[in-house]
>>> print(open('my_file00.cif').read())   # mmCIF, C-alpha atoms
data_coords
loop_
_atom_site.label_atom_id
_atom_site.label_comp_id
_atom_site.auth_asym_id
_atom_site.auth_seq_id
_atom_site.Cartn_x
_atom_site.Cartn_y
_atom_site.Cartn_z
CA MET K 1 0.00 0.00 0.00
CA LYS K 2 1.51 3.30 -1.07
CA LYS K 3 2.54 5.44 1.87
CA THR K 4 0.74 8.46 0.46
CA TYR K 5 -2.59 6.64 0.65
CA ILE K 6 -1.98 5.81 4.30
CA TYR K 7 -0.91 9.37 5.15
CA GLY K 8 -3.88 10.76 3.27
CA SER K 9 -6.25 8.46 5.10
CA LEU K 10 -4.78 9.54 8.42
CA CYS K 11 -5.16 13.21 7.53
CA GLY K 12 -8.78 12.64 6.64
CA LEU K 13 -9.55 10.61 9.72
CA VAL K 14 -7.96 13.07 12.15
CA ASN K 15 -9.40 16.12 10.41
CA GLY K 16 -12.86 14.59 10.25
CA PHE K 17 -12.88 13.39 13.82
CA PHE K 18 -11.20 16.31 15.59
CA GLY K 19 -11.99 19.13 13.20
CA THR K 20 -8.31 20.05 12.93
CA GLY K 21 -4.88 18.53 12.75
CA GLY K 22 -4.93 17.02 9.28
CA GLY K 23 -2.88 19.90 7.95
CA VAL K 24 0.02 19.33 10.31
CA ILE K 25 0.08 15.63 9.47
CA ALA K 26 0.02 16.48 5.77
CA VAL K 27 2.86 19.00 5.98
CA TYR K 28 4.97 16.72 8.15
CA THR K 29 4.59 13.64 5.94
CA LEU K 30 5.12 15.66 2.77
CA GLN K 31 8.31 17.16 4.19
CA LYS K 32 9.53 13.75 5.24
CA SER K 33 9.06 12.56 1.68
CA GLY K 34 11.52 15.20 0.57
CA MET K 35 9.27 17.90 -0.81
CA ASP K 36 10.51 21.46 -0.46
CA LYS K 37 8.87 23.51 2.27
CA ARG K 38 6.78 25.89 0.22
CA SER K 39 5.40 23.11 -1.96
CA CYS K 40 4.60 21.14 1.18
CA ASN K 41 2.46 23.92 2.58
CA ALA K 42 0.79 24.56 -0.75
CA THR K 43 0.07 20.89 -1.43
CA ALA K 44 -1.15 20.40 2.14
CA VAL K 45 -3.75 23.13 1.70
CA SER K 46 -4.92 21.51 -1.53
CA ILE K 47 -5.30 18.22 0.35
CA ILE K 48 -7.05 19.54 3.44
CA LEU K 49 -9.54 21.79 1.66
CA PRO K 50 -11.70 19.00 0.16
CA LEU K 51 -11.38 16.97 3.37
CA SER K 52 -12.65 19.89 5.43
CA ILE K 53 -15.56 20.58 3.10
CA ILE K 54 -16.68 16.97 3.25
CA SER K 55 -16.33 16.87 7.04
CA VAL K 56 -18.40 20.05 7.37
CA ILE K 57 -21.17 18.53 5.26
CA VAL K 58 -21.28 15.45 7.49
CA TYR K 59 -21.25 17.59 10.65
CA PHE K 60 -24.03 19.72 9.22
CA LEU K 61 -26.17 16.73 8.30
CA GLY K 62 -25.47 14.90 11.54
CA ASN K 63 -25.89 17.77 13.94
CA LYS K 64 -28.80 19.63 12.46
CA GLY K 65 -26.79 22.68 11.60
CA ILE K 66 -23.93 25.04 12.34
CA ASP K 67 -24.14 28.21 14.40
CA PHE K 68 -23.80 30.75 11.62
CA PHE K 69 -23.79 33.75 13.91
CA LEU K 70 -20.84 32.32 15.83
CA LEU K 71 -19.18 31.47 12.54
CA ALA K 72 -19.55 35.03 11.28
CA LYS K 73 -17.85 36.41 14.38
CA VAL K 74 -14.97 33.97 14.25
CA ILE K 75 -14.36 34.41 10.53
CA THR K 76 -14.43 38.18 10.81
CA GLY K 77 -11.83 37.99 13.54
CA GLY K 78 -9.95 35.39 11.52
CA VAL K 79 -9.62 37.63 8.50
CA VAL K 80 -8.23 40.47 10.61
CA GLY K 81 -5.96 38.04 12.45
CA GLY K 82 -4.72 36.49 9.24
CA PHE K 83 -3.68 39.90 8.01
CA ILE K 84 -1.84 40.64 11.26
CA GLY K 85 -0.29 37.17 11.29
CA GLY K 86 1.00 37.62 7.79
CA LYS K 87 2.68 40.86 8.83
CA LEU K 88 4.11 39.36 12.01
CA LEU K 89 5.61 36.39 10.20
CA GLY K 90 9.34 36.91 10.20
CA LYS K 91 9.22 39.62 12.83
CA ILE K 92 8.98 37.33 15.83
CA LYS K 93 11.16 34.26 16.18
CA TYR K 94 9.14 31.25 15.11
CA ILE K 95 10.67 28.98 17.72
CA ILE K 96 9.57 31.28 20.55
CA ILE K 97 5.99 31.33 19.35
CA ALA K 98 6.05 27.58 18.83
CA ARG K 99 7.23 27.02 22.41
CA VAL K 100 4.61 29.31 23.90
CA TYR K 101 1.91 27.87 21.68
CA CYS K 102 2.75 24.26 22.47
CA ALA K 103 2.94 25.00 26.19
CA MET K 104 -0.51 26.58 25.99
CA MET K 105 -1.84 23.57 24.10
CA VAL K 106 -0.57 21.16 26.73
CA VAL K 107 -2.32 23.23 29.39
CA ALA K 108 -5.50 23.34 27.32
CA GLY K 109 -5.34 19.59 26.73
CA VAL K 110 -4.85 18.80 30.39
CA THR K 111 -7.68 21.20 31.26
CA MET K 112 -10.00 19.34 28.94
CA LEU K 113 -8.95 16.04 30.44
CA ILE K 114 -9.49 17.10 34.03
CA ARG K 115 -12.52 19.33 33.71
CA ASN K 116 -16.07 18.15 33.76
CA MET G 1 -17.31 39.80 21.20
CA VAL G 2 -15.05 37.17 22.75
CA GLU G 3 -15.56 35.04 19.69
CA VAL G 4 -14.26 37.79 17.42
CA LEU G 5 -11.13 38.08 19.56
CA LEU G 6 -10.67 34.32 19.50
CA GLY G 7 -11.07 34.52 15.73
CA VAL G 8 -8.35 37.16 15.56
CA ILE G 9 -5.94 35.02 17.55
CA PHE G 10 -6.86 32.04 15.40
CA GLY G 11 -6.16 34.10 12.29
CA ILE G 12 -2.81 35.31 13.60
CA LEU G 13 -1.69 31.80 14.46
CA SER G 14 -2.83 30.39 11.14
CA GLY G 15 -1.24 33.30 9.33
CA MET G 16 2.05 32.49 10.98
CA GLY G 17 1.70 28.82 10.18
CA ILE G 18 1.80 27.63 13.76
CA GLY G 19 -1.64 26.15 14.01
CA GLY G 20 -4.91 27.76 14.79
CA GLY G 21 -7.40 24.94 15.00
CA THR G 22 -5.82 23.44 18.06
CA PHE G 23 -6.15 26.85 19.67
CA LEU G 24 -9.61 27.77 18.42
CA ILE G 25 -11.46 24.63 19.43
CA PRO G 26 -10.47 24.50 23.11
CA ALA G 27 -10.70 28.30 23.31
CA LEU G 28 -14.28 28.30 22.05
CA THR G 29 -15.30 25.51 24.42
CA ILE G 30 -13.50 26.93 27.46
CA PHE G 31 -14.08 30.69 27.02
CA SER G 32 -17.27 30.77 25.04
CA GLY G 33 -19.18 27.71 26.14
CA VAL G 34 -19.54 26.37 22.63
CA SER G 35 -20.18 22.64 22.32
CA GLN G 36 -17.22 20.49 21.32
CA ILE G 37 -18.63 19.51 17.97
CA GLY G 38 -19.89 23.03 17.37
CA ALA G 39 -16.37 24.34 17.90
CA GLN G 40 -14.93 21.71 15.60
CA ALA G 41 -17.46 22.61 12.93
CA VAL G 42 -16.61 26.32 13.19
CA CYS G 43 -12.93 25.48 12.94
CA LEU G 44 -13.44 23.42 9.79
CA VAL G 45 -15.60 26.05 8.11
CA ALA G 46 -13.30 28.93 9.11
CA PHE G 47 -10.46 27.19 7.33
CA ILE G 48 -12.25 27.11 3.98
CA PRO G 49 -12.23 30.76 2.79
CA SER G 50 -8.59 31.36 3.70
CA ALA G 51 -7.66 28.03 2.12
CA ILE G 52 -9.34 29.04 -1.13
CA VAL G 53 -7.49 32.35 -1.18
CA SER G 54 -4.17 30.65 -0.41
CA LEU G 55 -4.85 28.03 -3.03
CA ILE G 56 -5.32 30.64 -5.75
CA VAL G 57 -1.88 32.02 -4.92
CA HIS G 58 -0.34 28.56 -4.78
CA ILE G 59 -1.82 27.58 -8.13
CA LYS G 60 -0.49 30.77 -9.69
CA ASN G 61 2.94 30.12 -8.25
CA LYS G 62 2.77 26.51 -9.35
CA ARG G 63 3.61 25.22 -5.90
CA ILE G 64 1.13 22.38 -5.74
CA ASN G 65 2.14 18.80 -6.42
CA TYR G 66 -1.09 17.61 -7.95
CA LYS G 67 -0.15 13.95 -8.18
CA THR G 68 0.61 13.71 -4.48
CA SER G 69 -2.36 15.86 -3.61
CA ILE G 70 -4.76 13.47 -5.30
CA ARG G 71 -3.06 10.46 -3.74
CA TYR G 72 -3.67 12.00 -0.32
CA SER G 73 -7.08 13.48 -1.01
CA ILE G 74 -8.98 10.52 -2.37
CA PRO G 75 -8.43 8.16 0.56
CA GLY G 76 -8.46 11.26 2.74
CA CYS G 77 -11.98 12.17 1.71
CA ILE G 78 -13.21 8.66 2.39
CA PHE G 79 -11.69 8.67 5.84
CA ALA G 80 -12.87 12.21 6.48
CA ILE G 81 -16.41 10.91 6.06
CA ILE G 82 -15.66 8.02 8.40
CA GLY G 83 -14.11 10.32 11.00
CA ALA G 84 -16.90 12.87 10.77
CA VAL G 85 -19.63 10.27 11.04
CA ALA G 86 -17.84 8.70 14.00
CA VAL G 87 -17.58 11.99 15.86
CA VAL G 88 -21.23 12.84 15.32
CA PHE G 89 -22.18 9.65 17.13
CA PHE G 90 -19.40 9.72 19.70
CA PRO G 91 -20.41 10.46 23.33
CA VAL G 92 -19.54 14.08 24.05
CA PHE G 93 -17.96 13.42 27.44
CA TRP G 94 -15.40 11.02 25.99
CA LEU G 95 -14.89 13.13 22.90
CA LYS G 96 -13.65 15.98 25.08
CA LYS G 97 -11.28 13.67 26.93
CA LEU G 98 -10.01 12.22 23.67
CA PHE G 99 -9.53 15.71 22.32
CA GLY G 100 -7.54 16.61 25.43
CA VAL G 101 -5.23 13.65 24.82
CA PHE G 102 -5.01 14.60 21.15
CA LEU G 103 -4.06 18.17 22.08
CA VAL G 104 -1.29 17.12 24.43
CA ALA G 105 0.12 14.56 21.99
CA PHE G 106 -0.11 17.04 19.14
CA ALA G 107 1.56 19.83 21.09
CA ILE G 108 4.46 17.61 22.09
CA PHE G 109 4.84 16.31 18.56
CA GLN G 110 4.82 19.82 17.09
CA LEU G 111 7.28 21.11 19.66
CA VAL G 112 9.74 18.28 19.07
CA TRP G 113 9.43 18.79 15.33
CA VAL G 114 9.99 22.55 15.49
CA GLU G 115 12.92 22.22 17.91
CA LYS G 116 14.54 19.68 15.58
CA GLN G 117 14.09 21.99 12.61
CA ASN G 118 15.49 24.84 14.62
CA LYS G 119 18.67 22.94 15.27
CA LYS G 120 19.26 22.22 11.59
CA PRO G 121 21.83 24.50 9.90
#
>>> encode(input="my_file00.cif", output="C-alpha cells")
Amino acid sequence: MKKTYIYGSLCGLVNGFFGTGGGVIAVYTLQKSGMDKRSCNATAVSIILPLSIISVIVYFLGNKGIDFFLLAKVITGGVVGGFIGGKLLGKIKYIIIARVYCAMMVVAGVTMLIRN
Amino acid sequence: MVEVLLGVIFGILSGMGIGGGTFLIPALTIFSGVSQIGAQAVCLVAFIPSAIVSLIVHIKNKRINYKTSIRYSIPGCIFAIIGAVAVVFFPVFWLKKLFGVFLVAFAIFQLVWVEKQNKKP
C-alpha cells in the first residue's frame, strides 16, 4: 500500500474526527518525503480543503446545523488576524511562538482532560 | 465579542503557520461555552475561505504537487467521512477527553518537530 494513501487516510480521519490537525500531518509527511517547504504547505492546503468541506457537510447533516452567527464572528476575527499574522511572520522568532503555543496547548489539553 | 477576539488570535496563528485549530477549538469551548462539535465545525468552516485564497496564490505560483495531492485526497476524503460520522455519534464526554489527549500529543509532537528543525543548519 503506497505510503501516500496511508498518510492521506490519516489526515482525513484526524481532520474529520477532531476538526483540525490534518494539515500538520500532511505537511509533516510531505516534508519527510523530501518535498521542499513551500510546496509542502501549498500541497497540504490543496489536500485539506476538500477533506474539510466533506467533514463540514457530514457535521451539518449529523448535527442539524452550524451556528452561523458564531461562525460570522470567528471568521471576521480570523480575516483580521490572518492579516496581522501575515505581517508578524518573520518579525517574531518562530521557535519562541512555537514554544509558547505548544505550552498553551498542553495546558489546554490537560484542562480538557481534568474538567467536567 | 469574545468570539471575534478568538477569531483574531486564530487568524494570527494560522497566518504564521503555527496552528490555529488546536487553539480555536479549546478556546471556544473553554471561554465561550460552545459545544465540542460546534467548535470543531466552526474550525473546519473557518479554514475554507482562507484556504481558497491561499490556493489561488499557490496555483499561480505553481507550488502544488497535484499527483501527491490526489493520492492524499482521495483516501483522505473517504476517511474524512468516516471520522466525521464517528464523531457525530461519539459520546460528548469522551470526545472531550479524547480531544484533550489529542491536544497534548499534538503539542508535544509539534514542539519536538519545530525544535529539531530549529537545530538544523
>>> resolve_selection(input="my_file00.cif", expression="the PyMOL selection byres ((chain K and resi 42-44) around 10)", output="JSON, numbers by chain")
{"K": [11, 22, 23, 24, 25, 26, 27, 28, 29, 30, 35, 37, 38, 39, 40, 41, 45, 46, 47, 48, 49], "G": [51, 54, 55, 56, 57, 58, 59, 61, 62, 63, 64, 65, 66, 67, 68, 69, 70, 72, 73]}
>>> closest_residue(input="my_file00.cif", among="K:Ile57, K:Gly90, K:Gly85, K:Asp67", to="chain G", atoms="all atoms listed in the file")
K:Gly85
>>> residues_around(input="my_file00.cif", residues="Leu95 (chain G)", least_positions_apart="3", cutoff="12 Å", atoms="only C-alpha atoms", output="mmCIF file with C-alpha atoms, in the frame of the given file")
data_model
loop_
_atom_site.group_PDB
_atom_site.id
_atom_site.type_symbol
_atom_site.label_atom_id
_atom_site.label_comp_id
_atom_site.auth_asym_id
_atom_site.auth_seq_id
_atom_site.Cartn_x
_atom_site.Cartn_y
_atom_site.Cartn_z
ATOM 1 C CA PHE K 17 -12.880 13.390 13.820
ATOM 2 C CA PHE K 18 -11.200 16.310 15.590
ATOM 3 C CA GLY K 19 -11.990 19.130 13.200
ATOM 4 C CA MET K 112 -10.000 19.340 28.940
ATOM 5 C CA LEU K 113 -8.950 16.040 30.440
ATOM 6 C CA SER G 35 -20.180 22.640 22.320
ATOM 7 C CA GLN G 36 -17.220 20.490 21.320
ATOM 8 C CA ILE G 37 -18.630 19.510 17.970
ATOM 9 C CA GLN G 40 -14.930 21.710 15.600
ATOM 10 C CA ALA G 86 -17.840 8.700 14.000
ATOM 11 C CA VAL G 87 -17.580 11.990 15.860
ATOM 12 C CA VAL G 88 -21.230 12.840 15.320
ATOM 13 C CA PHE G 89 -22.180 9.650 17.130
ATOM 14 C CA PHE G 90 -19.400 9.720 19.700
ATOM 15 C CA PRO G 91 -20.410 10.460 23.330
ATOM 16 C CA VAL G 92 -19.540 14.080 24.050
ATOM 17 C CA LEU G 98 -10.010 12.220 23.670
ATOM 18 C CA PHE G 99 -9.530 15.710 22.320
ATOM 19 C CA GLY G 100 -7.540 16.610 25.430
ATOM 20 C CA VAL G 101 -5.230 13.650 24.820
ATOM 21 C CA PHE G 102 -5.010 14.600 21.150
ATOM 22 C CA LEU G 103 -4.060 18.170 22.080
#
>>> atom_distance(input="my_file00.cif", atom1="CA of Glu115 (chain G)", atom2="CA of Arg99 (chain K)")
8.7 Å
>>> interface_residues(input="my_file00.cif", of="chain K", to="chain G", cutoff="6 Å", atoms="all atoms listed in the file", output="ChimeraX atom specification")
/K:4-5,8-9,12-13,16-17,19-20,39,42-43,47,51-52,55,71,73-75,77-78,80-82,84-86,89,102,105-106,109,112-113
>>> atom_distance(input="my_file00.cif", atom1="CA of Tyr94 (chain K)", atom2="CA of Lys116 (chain G)")
12.8 Å
>>> closest_residue(input="my_file00.cif", among="K:Leu10, K:Val56, K:Val110, K:Leu70", to="Gly33 (chain G)", atoms="only C-alpha atoms")
K:Leu70
>>> decode(input="my_file00.cif", residues="region 49-84 of chain G", atoms="C-alpha atoms", output="compact mmCIF listing (two decimals), in the first residue's frame")
# COMPACT_ATOMS: atom_id res chain seq x y z
CA PRO G 49 -12.23 30.76 2.79
CA SER G 50 -8.59 31.36 3.70
CA ALA G 51 -7.66 28.03 2.12
CA ILE G 52 -9.34 29.04 -1.13
CA VAL G 53 -7.49 32.35 -1.18
CA SER G 54 -4.17 30.65 -0.41
CA LEU G 55 -4.85 28.03 -3.03
CA ILE G 56 -5.32 30.64 -5.75
CA VAL G 57 -1.88 32.02 -4.92
CA HIS G 58 -0.34 28.56 -4.78
CA ILE G 59 -1.82 27.58 -8.13
CA LYS G 60 -0.49 30.77 -9.69
CA ASN G 61 2.94 30.12 -8.25
CA LYS G 62 2.77 26.51 -9.35
CA ARG G 63 3.61 25.22 -5.90
CA ILE G 64 1.13 22.38 -5.74
CA ASN G 65 2.14 18.80 -6.42
CA TYR G 66 -1.09 17.61 -7.95
CA LYS G 67 -0.15 13.95 -8.18
CA THR G 68 0.61 13.71 -4.48
CA SER G 69 -2.36 15.86 -3.61
CA ILE G 70 -4.76 13.47 -5.30
CA ARG G 71 -3.06 10.46 -3.74
CA TYR G 72 -3.67 12.00 -0.32
CA SER G 73 -7.08 13.48 -1.01
CA ILE G 74 -8.98 10.52 -2.37
CA PRO G 75 -8.43 8.16 0.56
CA GLY G 76 -8.46 11.26 2.74
CA CYS G 77 -11.98 12.17 1.71
CA ILE G 78 -13.21 8.66 2.39
CA PHE G 79 -11.69 8.67 5.84
CA ALA G 80 -12.87 12.21 6.48
CA ILE G 81 -16.41 10.91 6.06
CA ILE G 82 -15.66 8.02 8.40
CA GLY G 83 -14.11 10.32 11.00
CA ALA G 84 -16.90 12.87 10.77
